[in-house]
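Text of final-v7.cif (mmCIF, C-alpha atoms and all ligand atoms) as supplied:
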data_start
#
loop_
_atom_site.label_atom_id
_atom_site.label_comp_id
_atom_site.auth_asym_id
_atom_site.auth_seq_id
_atom_site.Cartn_x
_atom_site.Cartn_y
_atom_site.Cartn_z
CA MET A 447 0.00 0.00 0.00
CA ILE A 448 1.30 3.45 -0.92
CA GLU A 449 1.56 5.79 1.98
CA LEU A 450 1.04 9.41 1.05
CA ARG A 451 3.59 11.84 2.34
CA LYS A 452 2.16 14.30 4.80
CA ARG A 453 3.48 17.63 5.96
CA PRO A 454 4.83 17.33 9.50
CA PRO A 455 2.38 18.94 11.98
CA GLN A 456 4.98 21.50 13.17
CA CYS A 457 5.16 22.84 9.59
CA ASP A 458 1.45 23.70 9.60
CA THR A 459 1.77 25.37 13.01
CA LEU A 460 4.68 27.47 11.76
CA GLN A 461 2.76 28.55 8.65
CA GLU A 462 -0.25 29.42 10.77
CA SER A 463 1.81 31.51 13.18
CA LYS A 464 3.47 33.38 10.23
CA ARG A 465 0.02 34.07 8.77
CA LYS A 466 -1.22 35.43 12.11
CA HIS A 467 1.89 37.59 12.48
CA ARG A 468 1.37 39.07 8.99
CA LEU A 469 -2.31 39.72 9.69
CA LYS A 470 -1.47 41.50 12.94
CA VAL A 471 1.12 43.69 11.20
CA ALA A 472 -1.33 44.50 8.37
CA LYS A 473 -3.95 45.61 10.90
CA LEU A 474 -1.44 47.80 12.74
CA LEU A 475 -0.42 49.49 9.46
CA HIS A 476 -4.02 50.62 9.05
CA LYS A 477 -4.05 52.37 12.44
CA PRO A 478 -2.73 55.94 12.98
CA ARG A 479 0.84 55.62 14.24
CA ASP A 480 0.28 57.82 17.30
CA SER A 481 -2.48 55.49 18.51
CA LEU A 482 -0.14 52.46 18.70
CA THR A 483 1.05 51.09 22.03
CA GLN A 484 4.74 50.57 22.79
CA SER A 485 4.49 46.79 22.20
CA GLU A 486 2.67 47.33 18.86
CA LEU A 487 5.41 49.74 17.73
CA GLU A 488 8.03 47.17 18.71
CA LEU A 489 6.21 44.50 16.70
CA LEU A 490 6.32 46.76 13.61
CA GLU A 491 9.99 47.45 14.16
CA MET A 492 10.71 43.71 14.30
CA SER A 493 8.87 43.04 11.02
CA PRO A 494 10.52 45.05 8.17
CA ASP A 495 10.29 42.18 5.64
CA ILE A 496 6.62 41.62 6.32
CA ILE A 497 5.88 45.35 6.01
CA ARG A 498 7.76 45.51 2.69
CA SER A 499 5.83 42.53 1.35
CA ILE A 500 2.47 44.00 2.48
CA VAL A 501 3.25 47.35 0.83
CA GLN A 502 4.37 45.63 -2.38
CA SER A 503 1.25 43.50 -2.64
CA LYS A 504 -0.93 46.56 -1.98
CA GLN A 505 0.82 48.43 -4.82
CA THR A 506 0.40 45.45 -7.16
CA LYS A 507 -3.33 45.29 -6.38
CA GLU A 508 -3.74 49.04 -6.97
CA ARG A 509 -1.83 48.82 -10.27
CA SER A 510 -3.97 45.94 -11.45
CA LEU A 511 -7.18 47.82 -10.55
CA ILE A 512 -5.99 50.89 -12.49
CA ARG A 513 -5.17 48.66 -15.47
CA GLN A 514 -8.65 47.12 -15.48
CA ASN A 515 -10.17 50.57 -15.54
CA ILE A 516 -11.59 51.43 -18.94
CA ASP A 517 -12.07 55.15 -19.64
CA ILE A 518 -13.81 56.08 -22.84
CA ASP A 519 -13.20 59.48 -24.44
CA LEU A 520 -16.24 61.77 -24.53
CA PRO A 521 -17.47 62.46 -28.11
CA GLY A 522 -15.92 65.95 -28.31
CA VAL A 523 -12.56 64.72 -26.98
CA LEU A 524 -12.58 61.76 -29.36
CA GLU A 525 -13.33 63.98 -32.32
CA SER A 526 -10.52 66.37 -31.53
CA LYS A 527 -8.00 63.52 -31.05
CA VAL A 528 -9.02 61.85 -34.33
CA ASP A 529 -8.69 65.24 -36.00
CA GLN A 530 -5.10 65.41 -34.75
CA LEU A 531 -4.45 61.85 -35.91
CA ALA A 532 -5.80 62.65 -39.39
CA SER A 533 -3.46 65.65 -39.63
CA LEU A 534 -0.50 63.54 -38.52
CA ILE A 535 -1.33 60.85 -41.11
CA ARG A 536 -1.60 63.46 -43.87
CA ALA A 537 1.74 65.02 -42.91
CA SER A 538 3.56 61.72 -42.36
CA LYS A 539 6.16 60.43 -44.81
CA CYS A 540 6.35 56.97 -43.26
CA CYS A 541 3.38 55.85 -41.18
CA LEU A 542 3.18 52.35 -39.67
CA PHE A 543 0.29 50.65 -37.90
CA TYR A 544 0.83 47.94 -35.24
CA THR A 545 -2.34 45.99 -34.49
CA GLY A 546 -3.52 43.51 -31.86
CA ALA A 547 -6.58 41.41 -31.06
CA GLY A 548 -8.75 44.48 -30.33
CA ILE A 549 -9.08 45.18 -34.05
CA SER A 550 -10.77 41.80 -34.60
CA THR A 551 -13.20 41.65 -31.66
CA SER A 552 -16.06 43.24 -33.62
CA SER A 553 -15.81 40.21 -35.91
CA GLY A 554 -16.83 38.04 -32.93
CA LEU A 555 -13.36 36.86 -31.93
CA PRO A 556 -12.18 36.82 -28.32
CA ASP A 557 -9.07 38.80 -27.40
CA PHE A 558 -6.43 38.29 -24.71
CA ARG A 559 -6.83 40.77 -21.87
CA SER A 560 -10.34 42.21 -21.84
CA PRO A 561 -12.23 41.52 -18.59
CA GLU A 562 -15.11 39.62 -20.26
CA LEU A 563 -13.67 37.67 -23.19
CA GLY A 564 -9.91 37.69 -22.70
CA ALA A 565 -8.06 34.40 -23.21
CA TRP A 566 -5.69 35.24 -20.34
CA THR A 567 -8.19 36.98 -18.07
CA ASN A 568 -11.24 34.78 -18.53
CA PRO A 569 -10.60 31.49 -20.36
CA GLU A 570 -13.73 29.84 -18.94
CA ASN A 571 -15.93 32.58 -20.45
CA ILE A 572 -14.28 31.99 -23.81
CA LYS A 573 -14.92 28.26 -23.68
CA ASP A 574 -18.61 28.88 -22.86
CA TYR A 575 -18.86 31.51 -25.57
CA LEU A 576 -17.28 29.25 -28.20
CA ALA A 577 -19.34 26.23 -27.15
CA SER A 578 -22.61 28.18 -27.23
CA SER A 579 -22.10 29.84 -30.64
CA GLU A 580 -24.12 28.02 -33.31
CA ARG A 581 -21.26 28.57 -35.78
CA SER A 582 -17.67 28.89 -34.68
CA PRO A 583 -16.58 32.57 -34.73
CA PHE A 584 -13.31 31.34 -36.24
CA ALA A 585 -15.21 29.99 -39.27
CA THR A 586 -17.51 33.01 -39.70
CA MET A 587 -15.01 35.80 -39.03
CA ALA A 588 -14.46 38.43 -41.70
CA PRO A 589 -12.43 41.65 -41.84
CA THR A 590 -13.93 44.36 -39.61
CA PHE A 591 -14.57 47.96 -40.59
CA SER A 592 -11.16 48.87 -39.09
CA HIS A 593 -9.42 46.23 -41.22
CA MET A 594 -11.06 47.63 -44.34
CA VAL A 595 -10.12 51.25 -43.49
CA LEU A 596 -6.53 50.24 -42.85
CA SER A 597 -6.48 48.39 -46.16
CA ALA A 598 -7.71 51.56 -47.90
CA LEU A 599 -5.05 53.66 -46.12
CA VAL A 600 -2.35 51.27 -47.36
CA GLN A 601 -3.73 51.29 -50.90
CA GLN A 602 -3.71 55.09 -50.92
CA GLY A 603 -0.12 55.17 -49.69
CA LEU A 604 -1.05 56.95 -46.44
CA VAL A 605 0.17 53.93 -44.43
CA LYS A 606 3.39 52.22 -45.52
CA HIS A 607 3.20 48.98 -43.58
CA VAL A 608 1.06 47.06 -41.09
CA VAL A 609 2.56 44.90 -38.34
CA SER A 610 0.05 42.59 -36.70
CA GLN A 611 0.25 40.28 -33.72
CA ASN A 612 -2.91 38.52 -34.89
CA CYS A 613 -2.80 35.17 -36.64
CA ASP A 614 -6.46 35.37 -37.70
CA GLY A 615 -5.46 36.34 -41.25
CA LEU A 616 -7.96 39.21 -41.39
CA HIS A 617 -5.52 41.88 -42.61
CA LEU A 618 -4.59 39.74 -45.59
CA ARG A 619 -8.28 39.04 -46.27
CA SER A 620 -9.03 42.78 -46.17
CA GLY A 621 -6.83 43.21 -49.23
CA ILE A 622 -3.47 44.30 -47.82
CA HIS A 623 -0.74 42.91 -50.05
CA PRO A 624 1.58 40.45 -48.19
CA GLN A 625 4.50 42.77 -49.05
CA ASN A 626 2.97 45.57 -46.95
CA LEU A 627 2.09 43.26 -44.07
CA SER A 628 4.09 41.60 -41.29
CA GLU A 629 2.05 38.95 -39.48
CA ILE A 630 4.69 38.52 -36.82
CA HIS A 631 2.92 35.68 -35.00
CA GLY A 632 1.99 33.89 -38.23
CA ASN A 633 -1.27 33.27 -40.04
CA MET A 634 -3.59 30.36 -39.21
CA PHE A 635 -4.29 29.89 -42.94
CA ALA A 636 -0.63 29.77 -44.04
CA GLU A 637 1.68 26.76 -43.89
CA ALA A 638 5.29 26.78 -45.03
CA CYS A 639 8.02 24.57 -46.39
CA THR A 640 11.25 25.49 -44.62
CA THR A 641 13.25 22.91 -46.62
CA CYS A 642 12.76 24.68 -49.94
CA GLN A 643 15.12 27.64 -50.34
CA PRO A 644 13.84 30.26 -50.43
CA GLN A 645 11.09 29.05 -48.13
CA ARG A 646 7.65 28.62 -49.67
CA VAL A 647 4.32 29.63 -48.12
CA PHE A 648 1.07 27.92 -49.06
CA TYR A 649 -2.23 29.62 -48.27
CA ARG A 650 -5.27 27.48 -47.40
CA LYS A 651 -8.98 28.07 -47.00
CA PHE A 652 -8.93 26.22 -43.69
CA ASP A 653 -7.09 26.50 -40.37
CA VAL A 654 -3.76 24.67 -40.71
CA THR A 655 -3.07 24.61 -36.95
CA GLU A 656 -5.69 22.00 -36.07
CA ALA A 657 -3.17 19.24 -35.34
CA THR A 658 -0.24 21.42 -34.26
CA ALA A 659 0.73 22.48 -30.74
CA PHE A 660 3.34 24.31 -28.69
CA ARG A 661 6.74 23.42 -30.23
CA ARG A 662 5.03 20.88 -32.55
CA HIS A 663 4.32 22.65 -35.80
CA GLN A 664 4.17 19.98 -38.49
CA THR A 665 0.85 19.91 -40.28
CA SER A 666 -0.29 16.68 -41.92
CA ARG A 667 0.53 17.88 -45.42
CA VAL A 668 3.69 17.90 -47.54
CA CYS A 669 5.28 20.42 -49.87
CA GLY A 670 4.13 19.97 -53.47
CA PHE A 671 7.66 20.83 -54.69
CA CYS A 672 10.03 18.82 -52.46
CA GLN A 673 7.59 16.46 -50.69
CA ASN A 674 8.94 17.42 -47.25
CA PRO A 675 6.50 18.03 -44.37
CA LEU A 676 4.92 21.45 -44.09
CA ARG A 677 4.71 23.39 -40.83
CA ASP A 678 2.27 26.00 -39.63
CA THR A 679 3.56 29.57 -39.39
CA VAL A 680 2.24 30.39 -35.92
CA VAL A 681 4.62 31.60 -33.21
CA HIS A 682 3.43 30.78 -29.70
CA ARG A 683 4.56 32.53 -26.54
CA ASP A 684 8.10 31.39 -25.56
CA GLU A 685 8.83 30.21 -29.09
CA TYR A 686 11.19 31.54 -31.75
CA ASN A 687 9.97 32.31 -35.21
CA ALA A 688 10.98 29.67 -37.79
CA THR A 689 9.38 30.95 -40.98
CA ASP A 690 10.29 33.96 -43.14
CA HIS A 691 6.72 34.64 -44.24
CA PRO A 692 4.08 35.77 -43.41
CA GLN A 693 6.21 37.34 -40.62
CA ASN A 694 7.97 39.42 -43.27
CA TRP A 695 10.48 41.03 -40.90
CA VAL A 696 12.50 42.07 -43.93
CA GLY A 697 9.52 44.20 -44.94
CA VAL A 698 9.27 46.13 -41.68
CA ASP A 699 12.87 46.12 -40.38
CA PRO A 700 14.08 49.00 -42.58
CA LEU A 701 10.88 51.04 -42.02
CA ALA A 702 10.52 50.85 -38.22
CA PRO A 703 13.53 53.04 -37.34
CA LYS A 704 12.68 55.74 -39.87
CA ALA A 705 8.89 55.88 -39.36
CA ASP A 706 7.70 59.36 -38.32
CA LEU A 707 4.26 58.10 -37.17
CA VAL A 708 3.41 54.79 -35.47
CA VAL A 709 -0.20 54.04 -34.63
CA CYS A 710 -0.85 51.12 -32.27
CA MET A 711 -4.35 49.81 -32.32
CA GLY A 712 -6.26 47.28 -30.20
CA SER A 713 -3.45 45.96 -28.00
CA ARG A 714 -2.06 46.41 -24.49
CA LEU A 715 1.34 46.09 -26.19
CA ASP A 716 2.55 43.58 -23.60
CA ILE A 717 4.14 41.35 -26.22
CA ILE A 718 4.81 43.74 -29.07
CA LYS A 719 6.86 45.99 -26.77
CA CYS A 720 9.42 43.15 -26.56
CA TYR A 721 10.29 43.47 -30.28
CA LYS A 722 13.02 46.05 -29.78
CA GLY A 723 13.49 46.73 -33.51
CA LEU A 724 9.99 48.20 -33.75
CA TRP A 725 10.65 50.98 -31.21
CA ARG A 726 12.88 53.99 -30.72
CA SER A 727 13.85 55.93 -27.61
CA PRO A 728 11.03 57.17 -25.30
CA SER A 729 11.71 60.78 -26.37
CA ILE A 730 11.11 59.85 -30.03
CA GLU A 731 8.09 57.66 -29.25
CA LYS A 732 6.55 60.63 -27.42
CA LYS A 733 6.59 62.44 -30.76
CA ARG A 734 5.61 59.65 -33.13
CA LEU A 735 3.46 57.13 -31.21
CA VAL A 736 -0.34 57.32 -31.10
CA ILE A 737 -2.32 54.61 -29.31
CA ILE A 738 -5.91 53.59 -29.98
CA ASN A 739 -7.09 51.20 -27.27
CA LEU A 740 -9.78 50.60 -24.70
CA GLY A 741 -7.89 50.26 -21.43
CA TRP A 742 -4.34 50.54 -20.15
CA THR A 743 -1.30 49.79 -22.34
CA THR A 744 2.39 49.38 -21.54
CA LYS A 745 3.22 52.47 -23.64
CA ASP A 746 0.69 54.92 -22.16
CA LYS A 747 3.46 57.05 -20.69
CA VAL A 748 5.55 57.22 -23.84
CA CYS A 749 3.05 58.18 -26.51
CA ARG A 750 2.14 61.46 -28.16
CA PHE A 751 -1.51 60.87 -27.22
CA LYS A 752 -3.91 58.05 -26.67
CA ILE A 753 -7.40 57.56 -28.07
CA ASN A 754 -9.60 55.73 -25.58
CA ALA A 755 -12.27 54.35 -27.89
CA PRO A 756 -13.19 51.16 -29.77
CA CYS A 757 -11.19 50.67 -33.00
CA ASP A 758 -14.22 50.77 -35.33
CA ASP A 759 -15.58 54.02 -33.80
CA THR A 760 -12.19 55.67 -34.20
CA MET A 761 -11.69 54.45 -37.75
CA ARG A 762 -15.20 55.58 -38.74
CA LEU A 763 -14.37 59.13 -37.63
CA LEU A 764 -10.96 58.93 -39.28
CA THR A 765 -12.50 58.09 -42.67
CA GLU A 766 -14.61 61.28 -42.39
CA LYS A 767 -11.60 63.41 -41.47
CA LEU A 768 -9.45 61.96 -44.26
CA ASN A 769 -12.34 61.85 -46.69
CA ILE A 770 -11.78 58.25 -47.71
CA GLU A 771 -14.32 55.56 -48.37
CA PRO A 772 -13.18 52.03 -47.58
CA MET A 773 -14.30 49.14 -49.76
CA GLN A 774 -16.97 46.84 -48.37
CA TYR A 775 -15.59 43.35 -47.71
CA ARG A 776 -16.78 40.88 -50.36
CA ILE A 777 -15.96 37.17 -50.31
CA GLU A 778 -15.27 37.10 -54.04
CA ASP A 779 -12.50 39.71 -53.61
CA ASP A 780 -10.92 37.95 -50.62
CA VAL A 781 -7.15 37.74 -51.19
CA LEU A 782 -6.93 34.53 -49.17
CA LEU A 783 -9.44 32.83 -51.46
CA HIS A 784 -7.36 33.73 -54.51
CA LEU A 785 -4.00 32.86 -52.94
CA ALA A 786 -5.36 29.52 -51.68
CA ASP A 787 -6.76 28.65 -55.12
CA ALA A 788 -3.40 29.48 -56.68
CA ASP A 789 -1.51 27.42 -54.09
CA PHE A 790 -3.68 24.33 -54.45
CA SER A 791 -1.13 22.26 -56.31
CA GLY A 792 -1.73 18.69 -55.24
CA THR A 793 -0.19 19.35 -51.82
CA HIS A 794 -2.88 17.42 -49.97
CA GLN A 795 -1.23 14.06 -50.64
CA GLY A 796 0.72 12.74 -47.67
CA GLY A 797 -2.30 11.80 -45.57
CA GLY A 798 -3.66 15.17 -44.69
CA ALA A 799 -7.12 16.14 -45.80
CA PRO A 800 -8.16 19.23 -43.82
CA THR A 801 -10.17 18.49 -40.70
CA THR A 802 -11.16 22.10 -40.09
CA PRO A 803 -13.97 24.00 -41.81
CA ASP A 804 -13.38 25.55 -45.22
CA ILE A 805 -14.23 29.15 -44.36
CA PHE A 806 -15.52 29.81 -47.88
CA GLU A 807 -17.97 26.87 -47.88
CA GLU A 808 -21.36 27.69 -46.38
CA GLU A 809 -22.14 24.02 -45.61
CA GLN A 810 -18.91 23.56 -43.67
CA ILE A 811 -19.38 26.82 -41.78
CA ALA A 812 -22.88 25.67 -40.80
CA ARG A 813 -21.32 22.56 -39.20
CA SER A 814 -18.55 24.47 -37.39
CA LYS A 815 -20.18 24.62 -33.92
CA GLY A 816 -17.57 24.05 -31.22
CA TYR A 817 -14.57 24.34 -33.53
CA ILE A 818 -11.58 26.04 -31.88
CA PRO A 819 -8.35 26.51 -33.87
CA GLY A 820 -5.26 24.69 -32.66
CA TRP A 821 -3.43 27.97 -31.88
CA MET A 822 -6.25 29.12 -29.61
CA ARG A 823 -6.29 25.74 -27.81
CA VAL A 824 -2.56 26.19 -27.10
CA ILE A 825 -3.31 29.53 -25.40
CA LEU A 826 -6.23 28.17 -23.39
CA ASN A 827 -4.13 25.19 -22.23
CA LYS A 828 -1.30 27.51 -21.18
CA VAL A 829 -3.66 29.65 -19.14
CA HIS A 830 -5.24 26.54 -17.61
CA ASN A 831 -1.81 25.13 -16.64
CA SER A 832 -0.56 28.48 -15.28
CA LYS A 833 -3.59 28.74 -12.98
CA LYS A 834 -3.24 25.23 -11.54
ZN ZN B 901 9.49 22.31 -50.22
#

Render the structure in this file as structure tokens.
Ligand SMILES: [Zn+2]
Amino acid sequence: MIELRKRPPQCDTLQESKRKHRLKVAKLLHKPRDSLTQSELELLEMSPDIIRSIVQSKQTKERSLIRQNIDIDLPGVLESKVDQLASLIRASKCCLFYTGAGISTSSGLPDFRSPELGAWTNPENIKDYLASSERSPFATMAPTFSHMVLSALVQQGLVKHVVSQNCDGLHLRSGIHPQNLSEIHGNMFAEACTTCQPQRVFYRKFDVTEATAFRRHQTSRVCGFCQNPLRDTVVHRDEYNATDHPQNWVGVDPLAPKADLVVCMGSRLDIIKCYKGLWRSPSIEKKRLVIINLGWTTKDKVCRFKINAPCDDTMRLLTEKLNIEPMQYRIEDDVLLHLADADFSGTHQGGGAPTTPDIFEEEQIARSKGYIPGWMRVILNKVHNSKK
């Protein structure tokens, strides 16, 4: 019979007495100092480490509360900020946009940090939401109004390049040419052959990450040119990038240092701030960085100004100020559809018919209830494991 190891009883007593000590000190810190007795003052004097730890945890709690706070700009304030942004875009010689999950939420997709449907903040809500949707949001998603405006800005030369953390493929589908786009965390519809030189990317009408996982990126298909296994292009947290495209760092690397306007949209910038090549010194960012986000971001203190409003509301106003009319999204114009048709070159041999819905086939979308892409499952598993 296996005997389970137990903590010795004196260990529990010690823990309990430490907890009581900390509680006593915390209570004393709440009292006015001149009301403390001599023995209470002595207790505080004997407990510098505990006091430091209490103060630190109080500061952490306060910071986290401030970060959850969502202020929305009043209509007049929003209008004047978007006016400024429009002028900056008109005057800019090299304007870049960096985008995060917030640009896609109006398409029905969850994001990462919002209180209600954030993968890191509320994974259980996301699972319920995905399970209850009649059709998977990942099969029905389409470029949002903001995606379409950004696409129009690129086509008109007002924006030089878009860097996105999203792997939902919506920027590509909005019509931005892959040359003007850096999907730095990959694209769920793109798989690559890293044996061919230069590497080849194949676009699909279905999610290629279904069978892949953290540090396991081989899809079940092979390259139509060299017959070697293909891999997805997604970069998970704590992984290094292995594919050249759709990341397209060569496209953005020369532009990032010389950009005179950088607009960050729909992200807390927790991850994107780590890509050093995209940023310049705080004094320069204070002149060139504009943030559009609901809620706190890591760059709030080093931006020219921040627009506290949903992406689509901001972009709607911006189109008026810049007098541009974005195209309506139409399936028949979808770049992904055309790239995928062009790339369909017998590469399905090798035992890998797609198991995920074809997002251009109504019948398959109708049967997509409960479908979660592989890349999203990796995130949900990570959150689940980190909270154990
Ligand atoms: Zn190949």

Practice task
Please identify all polymer residues within 10 Å of A:Val609, counting all atoms listed in the file, omitting same-chain residues fewer than 4 positions from it, and present them as an NGL selection string.
Solution key: :A and (542-546 or 617 or 626-631 or 693-695 or 697-698 or 702 or 710 or 718 or 724)

Practice task
Using all atoms listed in the file, determine which residues lie at most 9 Å from A:Leu826, disregarding the query and same-chain residues fewer than 4 positions distant; provide the list as a list in words.
Solution key: Ala565, Trp566, Pro569, Glu570, Ile572, Lys573, Trp821, Met822, His830 and Asn831 of chain A

Exercise for the section: Find the spatial neighbours of A:Arg468, counting only C-alpha atoms, within a cut-off of 7 Å - ignore same-chain residues fewer than 4 positions away - and output them as a list in words. Expected result: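 Everything that qualifies: Lys464, Ala472 and Ile496 of chain A.
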
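Once all atoms listed in the file are used for the distance check, the residues close to ligand ZN 901 (chain B) at 6 Å turn out to be Cys639, Thr641, Cys642, Cys669, Phe671, Cys672 and Asn674 of chain A.
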
Produce a file of the selected residues containing C-alpha atoms, as a short mmCIF file (atom, residue, chain, number, x, y, z; two decimals), in the frame of the given file.
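Result file again-v5.cif:
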data_model
loop_
_atom_site.label_atom_id
_atom_site.label_comp_id
_atom_site.auth_asym_id
_atom_site.auth_seq_id
_atom_site.Cartn_x
_atom_site.Cartn_y
_atom_site.Cartn_z
CA CYS A 639 8.02 24.57 -46.39
CA THR A 641 13.25 22.91 -46.62
CA CYS A 642 12.76 24.68 -49.94
CA CYS A 669 5.28 20.42 -49.87
CA PHE A 671 7.66 20.83 -54.69
CA CYS A 672 10.03 18.82 -52.46
CA ASN A 674 8.94 17.42 -47.25
#

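The residue that comes closest to A:Val528, out of A:Asp614, A:Asp779, A:Asp759, A:Asp690 and on the basis of only C-alpha atoms, is A:Asp759.
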
Handout entry: Selection: 6 Å around stretch 769-774 of chain A, all atoms listed in the file, excl. self and same-chain fewer than 3 positions, as a VMD selection string
Key = chain A and resid 594 to 595 598 765 to 766

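Atom CA of A:Leu555 is positioned 10.2 Å from atom CA of A:Ala585.
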
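One distance worth recording is that between atom CA of A:Arg677 and atom CA of A:Ile717, which is 23.2 Å.
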
Using the file's own x, y and z axes, so that the box edges lie along x, y and z, what centre and edge lengths in Å (one decimal) does a box around every listed atom of stretch 521-535 of chain A get when 8 Å is added on each side? Give it as JSON.
{"center_x": -9.0, "center_y": 63.6, "center_z": -34.0, "size_x": 33.0, "size_y": 21.5, "size_z": 30.1}

Practice task
Mind giving me the straight-line distance from atom CA of A:Lys828 to atom CA of A:Thr655 in Å, one decimal?
Solution key: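 Those two atoms sit 16.1 Å apart.
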
Handout entry: Residue nearest A:Pro703 among A:Lys722, A:Lys507, A:His623, A:Arg536 (counting all atoms listed in the file)
Key =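 Smallest separation from A:Pro703 among the options: A:Lys722.
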
Handout entry: Proximity to A:Gly632 - best of A:Glu491, A:Asp746, A:Glu462, A:Glu685, only C-alpha atoms
Key = A:Glu685

Exercise for the section: Identify which of the residues A:Gly712, A:Thr506, A:Lys470, A:Phe652 lies closest to A:Asp557, counting all atoms listed in the file when measuring atom-to-atom distances. Expected result: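 Checking each candidate against A:Asp557, we get A:Gly712 as the closest.
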
Practice task
Using only C-alpha atoms, pick whichever of A:Ser550, A:Thr744, A:Ser592, A:Gln611 has the shortest atom-to-atom distance to A:Leu763.
Solution key: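 The closest residue to A:Leu763 is A:Ser592.
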
Handout entry: For A:His682, the nearest of the candidates A:Cys749, A:Ile497, A:Val824, A:Cys757, counting only C-alpha atoms
Key =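 Smallest distance to A:His682 is found for A:Val824.
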